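Next comes protein29.cif, a file with mmCIF, C-alpha atoms and all ligand atoms.
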```cif
data_model
loop_
_atom_site.label_atom_id
_atom_site.label_comp_id
_atom_site.auth_asym_id
_atom_site.auth_seq_id
_atom_site.Cartn_x
_atom_site.Cartn_y
_atom_site.Cartn_z
CA MET A 36 148.62 164.62 110.27
CA LYS A 37 145.93 167.30 110.27
CA LYS A 38 145.29 169.21 113.48
CA HIS A 39 142.15 168.83 115.55
CA ASN A 40 140.84 172.26 114.62
CA TYR A 41 138.74 174.02 117.29
CA SER A 42 139.04 177.45 115.68
CA ALA A 43 135.99 179.69 116.25
CA GLY A 44 135.92 180.94 112.68
CA PRO A 45 137.19 180.85 110.04
CA CYS A 46 137.23 177.23 111.00
CA ILE A 47 137.34 173.63 109.95
CA LEU A 48 135.51 172.64 106.77
CA PRO A 49 135.13 169.09 105.44
CA GLN A 50 138.43 167.70 104.15
CA GLU A 51 136.76 166.49 100.94
CA VAL A 52 135.65 170.07 100.27
CA PHE A 53 139.25 171.31 100.55
CA GLU A 54 140.29 168.63 98.06
CA GLN A 55 137.53 169.56 95.58
CA LEU A 56 138.43 173.24 95.94
CA ALA A 57 142.10 172.58 95.29
CA LYS A 58 141.16 170.84 92.04
CA ALA A 59 138.76 173.64 91.03
CA ILE A 60 141.52 176.22 91.41
CA LEU A 61 143.54 174.35 88.80
CA ASN A 62 140.79 173.07 86.53
CA PHE A 63 137.15 173.85 87.20
CA ASN A 64 134.56 171.36 85.89
CA GLY A 65 136.98 170.03 83.26
CA MET A 66 136.98 173.46 81.55
CA ASP A 67 140.79 173.74 81.56
CA LEU A 68 140.31 177.02 83.41
CA SER A 69 140.53 177.89 87.08
CA ILE A 70 137.35 178.81 88.95
CA LEU A 71 139.23 182.02 89.76
CA GLU A 72 139.55 183.09 86.12
CA ILE A 73 136.08 182.55 84.68
CA SER A 74 133.31 185.11 84.42
CA HIS A 75 130.66 185.14 87.10
CA ARG A 76 128.23 185.39 84.17
CA SER A 77 129.51 182.17 82.60
CA ALA A 78 127.02 179.30 82.44
CA ALA A 79 129.28 177.27 84.75
CA PHE A 80 129.25 179.83 87.54
CA VAL A 81 125.60 180.83 87.10
CA SER A 82 124.72 177.20 87.73
CA VAL A 83 126.88 177.21 90.91
CA MET A 84 124.97 180.25 92.15
CA GLU A 85 121.57 178.82 91.27
CA GLU A 86 122.30 175.47 92.88
CA ALA A 87 123.74 177.08 96.03
CA ARG A 88 120.72 179.37 96.47
CA ALA A 89 118.30 176.49 95.95
CA LEU A 90 120.20 174.12 98.23
CA VAL A 91 120.16 176.65 101.09
CA LEU A 92 116.35 176.78 100.93
CA GLU A 93 116.09 173.00 100.56
CA LEU A 94 118.29 172.27 103.59
CA LEU A 95 116.42 174.82 105.71
CA GLY A 96 113.03 173.45 104.61
CA LEU A 97 112.04 176.80 103.11
CA GLU A 98 111.43 175.88 99.47
CA GLY A 99 108.25 177.34 98.03
CA LYS A 100 107.55 179.40 101.15
CA GLY A 101 108.24 182.86 99.75
CA TYR A 102 111.92 183.05 100.76
CA GLN A 103 114.95 184.12 98.75
CA ALA A 104 118.55 183.13 99.51
CA LEU A 105 121.25 185.69 98.73
CA PHE A 106 125.02 185.50 98.82
CA LEU A 107 126.31 188.98 99.68
CA HIS A 108 129.57 190.69 100.59
CA GLY A 109 130.49 192.54 103.76
CA GLY A 110 130.22 189.85 106.41
CA ALA A 111 127.51 189.50 109.02
CA SER A 112 128.65 192.94 110.20
CA LEU A 113 127.21 194.60 107.10
CA GLU A 114 123.87 192.92 107.85
CA PHE A 115 123.88 194.77 111.18
CA LEU A 116 123.04 197.88 109.13
CA MET A 117 121.33 196.35 106.08
CA VAL A 118 118.64 194.92 108.37
CA PRO A 119 117.52 198.29 109.80
CA TYR A 120 118.04 199.96 106.41
CA ASN A 121 115.59 197.52 104.81
CA LEU A 122 113.14 197.00 107.65
CA MET A 123 112.98 200.06 109.90
CA ARG A 124 110.30 202.45 108.74
CA GLU A 125 110.17 206.23 108.84
CA ASN A 126 109.61 207.01 112.55
CA GLY A 127 109.51 203.28 113.19
CA LYS A 128 111.28 201.31 115.87
CA ALA A 129 113.15 198.06 116.21
CA THR A 130 113.60 195.64 119.10
CA TYR A 131 116.76 193.72 119.95
CA LEU A 132 117.81 191.02 122.39
CA ASP A 133 121.31 191.72 123.71
CA THR A 134 123.05 188.38 124.23
CA GLY A 135 126.67 189.24 123.47
CA THR A 136 129.28 191.18 121.56
CA TRP A 137 127.73 190.54 118.15
CA ALA A 138 124.19 191.32 119.29
CA SER A 139 125.39 194.61 120.76
CA GLY A 140 127.24 195.34 117.49
CA ALA A 141 123.91 194.95 115.68
CA ILE A 142 122.18 197.22 118.21
CA LYS A 143 124.83 199.90 117.75
CA GLU A 144 124.14 200.06 113.99
CA ALA A 145 120.34 199.99 114.35
CA LYS A 146 120.51 203.09 116.56
CA HIS A 147 121.66 205.10 113.52
CA PHE A 148 118.34 204.36 111.82
CA GLY A 149 115.75 204.98 114.50
CA GLU A 150 114.42 204.05 117.93
CA THR A 151 116.09 200.84 119.02
CA ILE A 152 114.68 199.10 122.05
CA VAL A 153 116.80 196.52 123.87
CA VAL A 154 114.13 194.20 125.31
CA ALA A 155 116.61 192.40 127.60
CA SER A 156 120.35 192.03 128.11
CA SER A 157 122.63 189.61 129.94
CA LYS A 158 125.58 192.03 129.77
CA ALA A 159 125.71 192.50 133.55
CA ASP A 160 126.56 188.77 133.86
CA ASN A 161 129.19 188.90 131.12
CA TYR A 162 126.60 187.33 128.81
CA ASN A 163 126.73 183.94 130.55
CA HIS A 164 123.04 183.23 129.84
CA ILE A 165 120.17 184.05 127.49
CA PRO A 166 117.61 186.44 129.03
CA LYS A 167 114.11 184.94 129.38
CA ASN A 168 110.61 186.31 129.99
CA TYR A 169 111.04 189.60 128.22
CA GLU A 170 108.27 191.54 126.53
CA VAL A 171 108.55 192.61 122.90
CA PRO A 172 106.48 195.68 121.90
CA THR A 173 104.06 194.55 119.18
CA ASP A 174 104.23 197.85 117.31
CA ALA A 175 107.93 197.48 116.45
CA ASN A 176 109.04 196.89 112.85
CA TYR A 177 110.97 193.75 113.79
CA PHE A 178 112.65 191.78 116.57
CA HIS A 179 116.34 190.88 116.21
CA CYS A 180 118.17 188.12 118.04
CA THR A 181 121.43 186.15 117.80
CA SER A 182 120.81 182.40 117.87
CA ASN A 183 124.31 181.43 119.00
CA ASN A 184 126.78 183.63 120.84
CA THR A 185 130.12 182.54 119.44
CA ILE A 186 132.21 184.31 122.08
CA PHE A 187 130.24 183.49 125.23
CA GLY A 188 129.17 179.93 124.37
CA THR A 189 125.44 180.44 124.81
CA GLN A 190 122.67 179.47 122.42
CA MET A 191 118.97 180.28 122.22
CA LYS A 192 117.00 177.05 122.69
CA SER A 193 113.67 178.71 122.00
CA PHE A 194 112.52 181.83 120.23
CA PRO A 195 109.62 184.15 121.04
CA GLU A 196 106.33 183.77 119.19
CA LEU A 197 105.62 187.22 117.78
CA ASN A 198 103.35 188.92 115.30
CA ILE A 199 106.18 191.10 113.97
CA PRO A 200 109.05 189.93 111.71
CA ILE A 201 111.80 187.98 113.47
CA VAL A 202 115.37 188.58 112.28
CA CYS A 203 118.10 186.24 113.45
CA ASP A 204 121.88 186.36 113.19
CA MET A 205 122.69 182.64 112.82
CA SER A 206 126.34 183.15 111.87
CA SER A 207 127.67 180.51 114.21
CA ASP A 208 124.99 177.83 114.26
CA ILE A 209 123.24 177.87 110.89
CA PHE A 210 122.85 174.36 109.41
CA SER A 211 123.80 172.78 112.76
CA ARG A 212 120.42 172.03 114.34
CA SER A 213 116.81 171.58 113.31
CA LEU A 214 114.56 174.56 113.84
CA ASP A 215 111.35 175.62 112.21
CA PHE A 216 113.14 178.14 110.02
CA SER A 217 109.82 179.42 108.66
CA LYS A 218 109.32 181.15 112.04
CA PHE A 219 112.05 183.58 110.98
CA ASP A 220 111.49 186.30 108.42
CA LEU A 221 115.15 187.11 107.86
CA ILE A 222 118.16 184.97 108.70
CA TYR A 223 121.74 186.01 108.05
CA ALA A 224 125.07 184.35 108.60
CA GLY A 225 128.68 185.04 107.73
CA ALA A 226 129.78 181.90 105.87
CA GLN A 227 132.94 181.24 107.84
CA LYS A 228 131.60 178.72 110.38
CA ASN A 229 129.32 175.99 109.06
CA MET A 230 129.13 177.02 105.44
CA GLY A 231 132.39 178.07 103.85
CA PRO A 232 135.38 180.39 103.97
CA ALA A 233 135.18 184.08 104.91
CA GLY A 234 134.14 186.48 102.16
CA VAL A 235 130.47 185.75 101.68
CA THR A 236 127.36 186.23 103.82
CA LEU A 237 124.17 184.26 103.48
CA VAL A 238 120.89 186.14 103.76
CA VAL A 239 117.59 184.26 103.68
CA VAL A 240 114.67 186.62 103.56
CA LYS A 241 110.91 186.32 103.25
CA GLU A 242 110.17 188.60 100.32
CA GLU A 243 106.89 189.93 101.68
CA ILE A 244 108.60 191.83 104.53
CA LEU A 245 110.60 194.00 102.09
CA GLY A 246 109.78 197.30 100.40
CA LYS A 247 107.83 198.77 103.29
CA THR A 248 110.17 201.41 104.73
CA GLY A 249 109.10 204.30 102.50
CA LYS A 250 112.78 205.28 102.36
CA HIS A 251 115.38 205.27 99.62
CA ILE A 252 117.88 202.45 100.12
CA PRO A 253 121.26 202.62 98.31
CA SER A 254 121.32 199.84 95.70
CA MET A 255 124.15 197.76 97.17
CA LEU A 256 122.34 197.74 100.52
CA ASP A 257 118.89 196.99 99.15
CA TYR A 258 117.80 193.35 99.48
CA GLN A 259 115.19 193.85 96.75
CA GLN A 260 117.89 194.91 94.27
CA HIS A 261 119.94 191.81 95.10
CA ILE A 262 116.87 189.60 94.69
CA ALA A 263 116.00 191.21 91.33
CA LYS A 264 119.55 190.53 90.11
CA GLU A 265 119.53 186.93 91.38
CA SER A 266 122.32 187.65 93.84
CA MET A 267 124.57 189.05 91.09
CA TYR A 268 123.96 192.78 91.45
CA ASN A 269 127.73 193.15 91.27
CA THR A 270 130.51 190.58 90.92
CA PRO A 271 129.79 188.03 93.64
CA PRO A 272 132.58 186.40 95.68
CA VAL A 273 132.75 183.40 93.39
CA PHE A 274 135.21 181.26 95.31
CA PRO A 275 133.54 181.43 98.76
CA ILE A 276 130.20 180.77 97.06
CA TYR A 277 131.56 177.69 95.31
CA ALA A 278 133.10 176.51 98.58
CA SER A 279 129.73 177.05 100.27
CA LEU A 280 127.98 175.01 97.59
CA LEU A 281 130.40 172.12 98.10
CA THR A 282 129.96 172.29 101.89
CA LEU A 283 126.18 172.30 101.54
CA GLN A 284 126.39 169.33 99.16
CA TRP A 285 128.53 167.56 101.76
CA LEU A 286 125.92 168.34 104.42
CA LYS A 287 123.14 166.95 102.23
CA LYS A 288 125.17 163.78 101.73
CA GLN A 289 125.51 163.40 105.51
CA GLY A 290 121.71 163.37 105.73
CA GLY A 291 121.12 167.12 106.12
CA ILE A 292 120.55 169.15 109.26
CA LYS A 293 118.74 166.39 111.21
CA ALA A 294 121.65 163.98 110.80
CA ILE A 295 124.39 166.51 111.58
CA GLU A 296 122.43 167.71 114.62
CA LYS A 297 122.68 164.22 116.16
CA ILE A 298 126.45 164.23 115.69
CA ASN A 299 126.73 167.79 117.01
CA GLU A 300 124.75 166.82 120.11
CA ALA A 301 126.96 163.77 120.67
CA LYS A 302 130.11 165.92 120.43
CA ALA A 303 128.74 168.58 122.79
CA ASN A 304 127.48 165.98 125.31
CA LEU A 305 130.84 164.28 125.38
CA LEU A 306 132.70 167.51 126.11
CA TYR A 307 130.21 169.04 128.58
CA THR A 308 130.04 165.76 130.50
CA GLU A 309 133.80 165.92 130.98
CA ILE A 310 133.77 169.64 131.88
CA ASP A 311 131.17 168.87 134.58
CA ARG A 312 132.87 165.67 135.82
CA ASN A 313 136.49 166.78 135.85
CA PRO A 314 137.19 168.71 139.09
CA LEU A 315 139.88 170.79 137.36
CA PHE A 316 137.43 172.54 134.99
CA ARG A 317 134.18 174.47 135.00
CA GLY A 318 131.96 175.79 132.23
CA THR A 319 131.34 179.53 131.96
CA ALA A 320 127.81 179.54 130.46
CA VAL A 321 124.75 178.54 132.51
CA THR A 322 123.92 174.88 131.82
CA GLU A 323 120.49 175.37 130.19
CA ASP A 324 121.84 177.86 127.64
CA ARG A 325 125.05 176.09 126.69
CA SER A 326 125.88 176.17 123.00
CA ILE A 327 126.38 172.93 121.11
CA MET A 328 128.72 174.81 118.76
CA ASN A 329 131.04 176.76 121.09
CA ALA A 330 131.82 175.32 124.53
CA THR A 331 133.48 177.84 126.85
CA PHE A 332 135.29 176.61 129.96
CA VAL A 333 138.05 177.58 132.38
CA LEU A 334 140.49 175.87 134.73
CA ASN A 335 139.51 176.24 138.38
CA ASP A 336 143.19 176.80 139.14
CA GLU A 337 144.90 178.97 136.51
CA GLY A 338 148.18 177.55 137.79
CA HIS A 339 147.52 174.42 135.69
CA ALA A 340 147.26 176.38 132.45
CA GLU A 341 150.84 175.85 131.34
CA THR A 342 150.66 172.08 131.75
CA PHE A 343 147.23 171.86 130.10
CA ASP A 344 148.30 174.05 127.17
CA LYS A 345 151.35 171.88 126.58
CA LEU A 346 149.25 168.71 126.67
CA TRP A 347 146.59 169.79 124.17
CA LYS A 348 149.13 171.26 121.79
CA ALA A 349 151.13 168.01 121.92
CA ALA A 350 147.93 166.08 121.13
CA GLY A 351 147.62 168.00 117.83
CA ILE A 352 144.83 170.32 119.01
CA SER A 353 144.66 173.84 117.57
CA GLY A 354 142.52 176.93 118.22
CA LEU A 355 141.38 176.12 121.78
CA THR A 356 142.36 179.40 123.44
CA GLY A 357 139.31 181.30 124.69
CA HIS A 358 138.24 184.75 123.52
CA ARG A 359 139.81 187.54 125.58
CA SER A 360 136.42 188.63 126.97
CA VAL A 361 135.83 185.23 128.63
CA GLY A 362 139.35 183.85 129.05
CA GLY A 363 140.13 180.15 129.48
CA TYR A 364 139.17 177.89 126.61
CA ARG A 365 136.65 177.73 123.81
CA ALA A 366 136.08 174.53 121.89
CA SER A 367 134.25 175.34 118.67
CA MET A 368 132.64 172.15 117.41
CA TYR A 369 131.27 173.13 114.03
CA ASN A 370 129.66 170.64 111.63
CA ALA A 371 132.91 169.49 110.03
CA LEU A 372 134.71 168.74 113.33
CA PRO A 373 134.73 164.95 113.76
CA LEU A 374 133.70 163.25 117.02
CA GLU A 375 137.24 161.83 117.23
CA SER A 376 138.62 165.35 117.74
CA VAL A 377 136.39 165.74 120.82
CA GLN A 378 137.52 162.33 122.08
CA VAL A 379 141.13 163.54 121.83
CA LEU A 380 140.33 166.73 123.80
CA VAL A 381 138.46 164.82 126.50
CA GLY A 382 141.41 162.41 126.70
CA VAL A 383 143.76 165.34 127.31
CA MET A 384 141.50 166.74 130.07
CA LYS A 385 141.58 163.35 131.81
CA GLU A 386 145.35 163.15 131.34
CA LEU A 387 145.73 166.51 133.11
CA GLU A 388 143.65 165.22 136.01
CA ASN A 389 145.85 162.11 136.28
CA LYS A 390 149.03 164.20 136.26
CA ILE A 391 147.95 166.53 139.06
N1 LIG B 1 127.62 187.46 114.38
C1 LIG B 1 128.15 186.39 114.98
C2 LIG B 1 127.26 185.50 115.79
C3 LIG B 1 129.50 186.09 114.81
O1 LIG B 1 130.04 185.01 115.39
C4 LIG B 1 130.31 186.95 114.02
C5 LIG B 1 131.78 186.71 113.78
N2 LIG B 1 132.31 185.60 114.16
C6 LIG B 1 129.72 188.07 113.44
C7 LIG B 1 128.36 188.29 113.62
C8 LIG B 1 130.52 189.01 112.59
O2 LIG B 1 130.73 188.40 111.38
P1 LIG B 1 131.65 189.00 110.23
O3 LIG B 1 133.04 188.95 110.73
O4 LIG B 1 131.37 188.07 109.08
O5 LIG B 1 131.20 190.39 109.96
#
```
Now that the file is in, can you turn its structure into structure tokens?
Amino acid sequence: MKKHNYSAGPCILPQEVFEQLAKAILNFNGMDLSILEISHRSAAFVSVMEEARALVLELLGLEGKGYQALFLHGGASLEFLMVPYNLMRENGKATYLDTGTWASGAIKEAKHFGETIVVASSKADNYNHIPKNYEVPTDANYFHCTSNNTIFGTQMKSFPELNIPIVCDMSSDIFSRSLDFSKFDLIYAGAQKNMGPAGVTLVVVKEEILGKTGKHIPSMLDYQQHIAKESMYNTPPVFPIYASLLTLQWLKKQGGIKAIEKINEAKANLLYTEIDRNPLFRGTAVTEDRSIMNATFVLNDEGHAETFDKLWKAAGISGLTGHRSVGGYRASMYNALPLESVQVLVGVMKELENKI
């Protein structure tokens, strides 16, 4: 039987996608060729790319609104520098909200390009909340934030209204909840949570914000070059892109973001209710900022860890160990994780309480 997979990423994807992928490795589209051995310029793959790029915009409600979807290499980490490369002007400045390890990774890269203002940070509290009531200078080239903090289990529930471009790292909650995505000018996400396997990064960018830096941008790092080449400036990562297309098709079949959001909320409510009720556990993120994707929690008495670990492993749960910077446990409940997996985890938490 398959494990209940709480891995933070790479992570669970829909089982039917794994089955379709297995077939495509042996015989793609009835071509008697593997998806791994055909040209990225073949009609079959070009149509995968076109459909995937269009479906991203459709699911996010951004069709016909001046956005382009790109599938790039280099992970979300490369976007940490592509964003300032493409948006920070000569003698310009950028603003960042520091909500965790990944946000501070993005800040570190931006500093190589120019003045980088951190408008607020929750670092002093080990990133257990999202800073509020900060001011963003209106003369900055853009504002950057991280919608969901994978490691610390916090999530932005609202975003500032600004008259400068808003850039958002949505690596760990893209396609999981409804937002007005047109409020963002650039969204990026490593695929390996809600979209596909590692190896491809999604960038959704409003074209009108590009081409304004007055600087030369190396071709591979230039969003405009990738747009001009329809996301095939060089050989794209064909397999992760195909896997992403299948996952997005699966999401559409579920009813899209609105439908999956309801399920994601039900899963998160079930788990957080138990974390709050069960006297053996406590959550590590402040309640109002808790993530519906990554729930972080600890045992009040570490002495129960051995028993708890044995119980969840015996129940077929995998990937529950917390990140070293928070400790305890992290339950990542991405789109493909079924509600039943959360029921099993909650059952194990109750079982621990009954044993002690
Ligand atoms: N941003 C966030 C929110 C992440 O969770 C991660 C990795 N899990 C990254 C950025 C870095 O992504 P990558 O490993 O694809 O570079």
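The residue that comes closest to Gly249 of chain A, out of A:Arg124, A:Lys297, A:Arg76, A:His108 and on the basis of all atoms listed in the file, is A:Arg124.
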So which residues touch Met384 of chain A within 9 Å, counting all atoms listed in the file, skipping near sequence neighbours fewer than 3 positions away, as a PyMOL selection string? chain A and resi 309-310+313+315-316+343+346-347+379-381+387-389
May I ask you to write as a ChimeraX atom specification all residues lying at most 9 Å from ligand LIG 1 (chain B), with only C-alpha atoms and all ligand atoms counted? /A:43-45,109-115,135-138,140-141,181-186,204-208,223-228,233-236
Writing out the chosen residues with C-alpha atoms as a compact mmCIF listing (two decimals), keeping the file's coordinate frame:
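Output (part06.txt):
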```txt
# COMPACT_ATOMS: atom_id res chain seq x y z
CA ALA A 43 135.99 179.69 116.25
CA GLY A 44 135.92 180.94 112.68
CA PRO A 45 137.19 180.85 110.04
CA GLY A 109 130.49 192.54 103.76
CA GLY A 110 130.22 189.85 106.41
CA ALA A 111 127.51 189.50 109.02
CA SER A 112 128.65 192.94 110.20
CA LEU A 113 127.21 194.60 107.10
CA GLU A 114 123.87 192.92 107.85
CA PHE A 115 123.88 194.77 111.18
CA GLY A 135 126.67 189.24 123.47
CA THR A 136 129.28 191.18 121.56
CA TRP A 137 127.73 190.54 118.15
CA ALA A 138 124.19 191.32 119.29
CA GLY A 140 127.24 195.34 117.49
CA ALA A 141 123.91 194.95 115.68
CA THR A 181 121.43 186.15 117.80
CA SER A 182 120.81 182.40 117.87
CA ASN A 183 124.31 181.43 119.00
CA ASN A 184 126.78 183.63 120.84
CA THR A 185 130.12 182.54 119.44
CA ILE A 186 132.21 184.31 122.08
CA ASP A 204 121.88 186.36 113.19
CA MET A 205 122.69 182.64 112.82
CA SER A 206 126.34 183.15 111.87
CA SER A 207 127.67 180.51 114.21
CA ASP A 208 124.99 177.83 114.26
CA TYR A 223 121.74 186.01 108.05
CA ALA A 224 125.07 184.35 108.60
CA GLY A 225 128.68 185.04 107.73
CA ALA A 226 129.78 181.90 105.87
CA GLN A 227 132.94 181.24 107.84
CA LYS A 228 131.60 178.72 110.38
CA ALA A 233 135.18 184.08 104.91
CA GLY A 234 134.14 186.48 102.16
CA VAL A 235 130.47 185.75 101.68
CA THR A 236 127.36 186.23 103.82
```
I'd like to know which of A:Thr134, A:Leu90, A:Ile327, A:Gly354 is closest to Ala159 of chain A, using only C-alpha atoms. A:Thr134
Which value, in Å to one decimal, gives the distance between atom CA of Gln190 of chain A and atom CA of Ala87 of chain A? 26.5 Å
Students should find that atom CA of Phe80 of chain A and atom CA of Ser254 of chain A are spaced 23.0 Å
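The shortest atom-to-atom distance to Ala366 of chain A, with only C-alpha atoms taken into account, belongs to A:Cys46 out of A:Leu105, A:Cys46, A:Cys203, A:Ile209.
The residue that comes closest to Ser266 of chain A, out of A:Ile142, A:Leu56, A:Leu107, A:Leu95 and on the basis of all atoms listed in the file, is A:Leu107.
Proximity of A:Asn40, A:Phe106, A:Glu93, A:Asp324 to Pro272 of chain A, computed with only C-alpha atoms, is greatest for A:Phe106.
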Show me the residues close to (107.7, 188.0, 119.2) - anything with an atom within 9 Å, counting all atoms listed in the file - and format the list as a list of chain:residue names. A:Glu170, A:Val171, A:Pro172, A:Thr173, A:Tyr177, A:Phe178, A:Phe194, A:Pro195, A:Glu196, A:Leu197, A:Asn198, A:Ile199, A:Pro200, A:Ile201
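Considering all atoms listed in the file, the residue among A:Ser77, A:Ser193, A:Asn299, A:Thr308 positioned nearest to Asn168 of chain A is A:Ser193.
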Within 10 Å of Leu94 of chain A, counting all atoms listed in the file, which residues qualify if same-chain residues fewer than 6 places away don't, as a ChimeraX atom specification? /A:210,213,283-284,286-287,290-293
With C-alpha atoms kept, could you save the residues just selected as a tab-separated table (two decimals), in the frame of the given file?
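The new file again_27.tsv reads:
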```tsv
chain	number	residue	atom	x	y	z
A	210	PHE	CA	122.85	174.36	109.41
A	213	SER	CA	116.81	171.58	113.31
A	283	LEU	CA	126.18	172.30	101.54
A	284	GLN	CA	126.39	169.33	99.16
A	286	LEU	CA	125.92	168.34	104.42
A	287	LYS	CA	123.14	166.95	102.23
A	290	GLY	CA	121.71	163.37	105.73
A	291	GLY	CA	121.12	167.12	106.12
A	292	ILE	CA	120.55	169.15	109.26
A	293	LYS	CA	118.74	166.39	111.21
```
Edge lengths and centre in Å, axis-aligned, segment 123-135 of chain A plus 8 Å each side, as lines of an AutoDock Vina configuration file:
```
center_x = 118.1
center_y = 197.7
center_z = 116.5
size_x = 33.2
size_y = 34.6
size_z = 31.5
```
So how far away is atom CA of Asp215 of chain A from atom CA of Gly246 of chain A, in Å? 24.7 Å
Need the shell around Glu265 of chain A: protein/DNA/RNA residues with any atom at most 12 Å away, counting all atoms listed in the file. Skip same-chain ones fewer than 2 positions apart. Format as a PDB file with C-alpha atoms, in the frame of the given file?
```pdb
ATOM      1  CA  ARG A  76     128.230 185.390  84.170  1.00  0.00           C
ATOM      2  CA  VAL A  81     125.600 180.830  87.100  1.00  0.00           C
ATOM      3  CA  SER A  82     124.720 177.200  87.730  1.00  0.00           C
ATOM      4  CA  MET A  84     124.970 180.250  92.150  1.00  0.00           C
ATOM      5  CA  GLU A  85     121.570 178.820  91.270  1.00  0.00           C
ATOM      6  CA  GLU A  86     122.300 175.470  92.880  1.00  0.00           C
ATOM      7  CA  ALA A  87     123.740 177.080  96.030  1.00  0.00           C
ATOM      8  CA  ARG A  88     120.720 179.370  96.470  1.00  0.00           C
ATOM      9  CA  ALA A  89     118.300 176.490  95.950  1.00  0.00           C
ATOM     10  CA  GLN A 103     114.950 184.120  98.750  1.00  0.00           C
ATOM     11  CA  ALA A 104     118.550 183.130  99.510  1.00  0.00           C
ATOM     12  CA  LEU A 105     121.250 185.690  98.730  1.00  0.00           C
ATOM     13  CA  PHE A 106     125.020 185.500  98.820  1.00  0.00           C
ATOM     14  CA  LEU A 107     126.310 188.980  99.680  1.00  0.00           C
ATOM     15  CA  TYR A 258     117.800 193.350  99.480  1.00  0.00           C
ATOM     16  CA  GLN A 259     115.190 193.850  96.750  1.00  0.00           C
ATOM     17  CA  GLN A 260     117.890 194.910  94.270  1.00  0.00           C
ATOM     18  CA  HIS A 261     119.940 191.810  95.100  1.00  0.00           C
ATOM     19  CA  ILE A 262     116.870 189.600  94.690  1.00  0.00           C
ATOM     20  CA  ALA A 263     116.000 191.210  91.330  1.00  0.00           C
ATOM     21  CA  MET A 267     124.570 189.050  91.090  1.00  0.00           C
ATOM     22  CA  TYR A 268     123.960 192.780  91.450  1.00  0.00           C
ATOM     23  CA  ASN A 269     127.730 193.150  91.270  1.00  0.00           C
ATOM     24  CA  THR A 270     130.510 190.580  90.920  1.00  0.00           C
ATOM     25  CA  PRO A 271     129.790 188.030  93.640  1.00  0.00           C
TER      26      PRO A 271
END
```
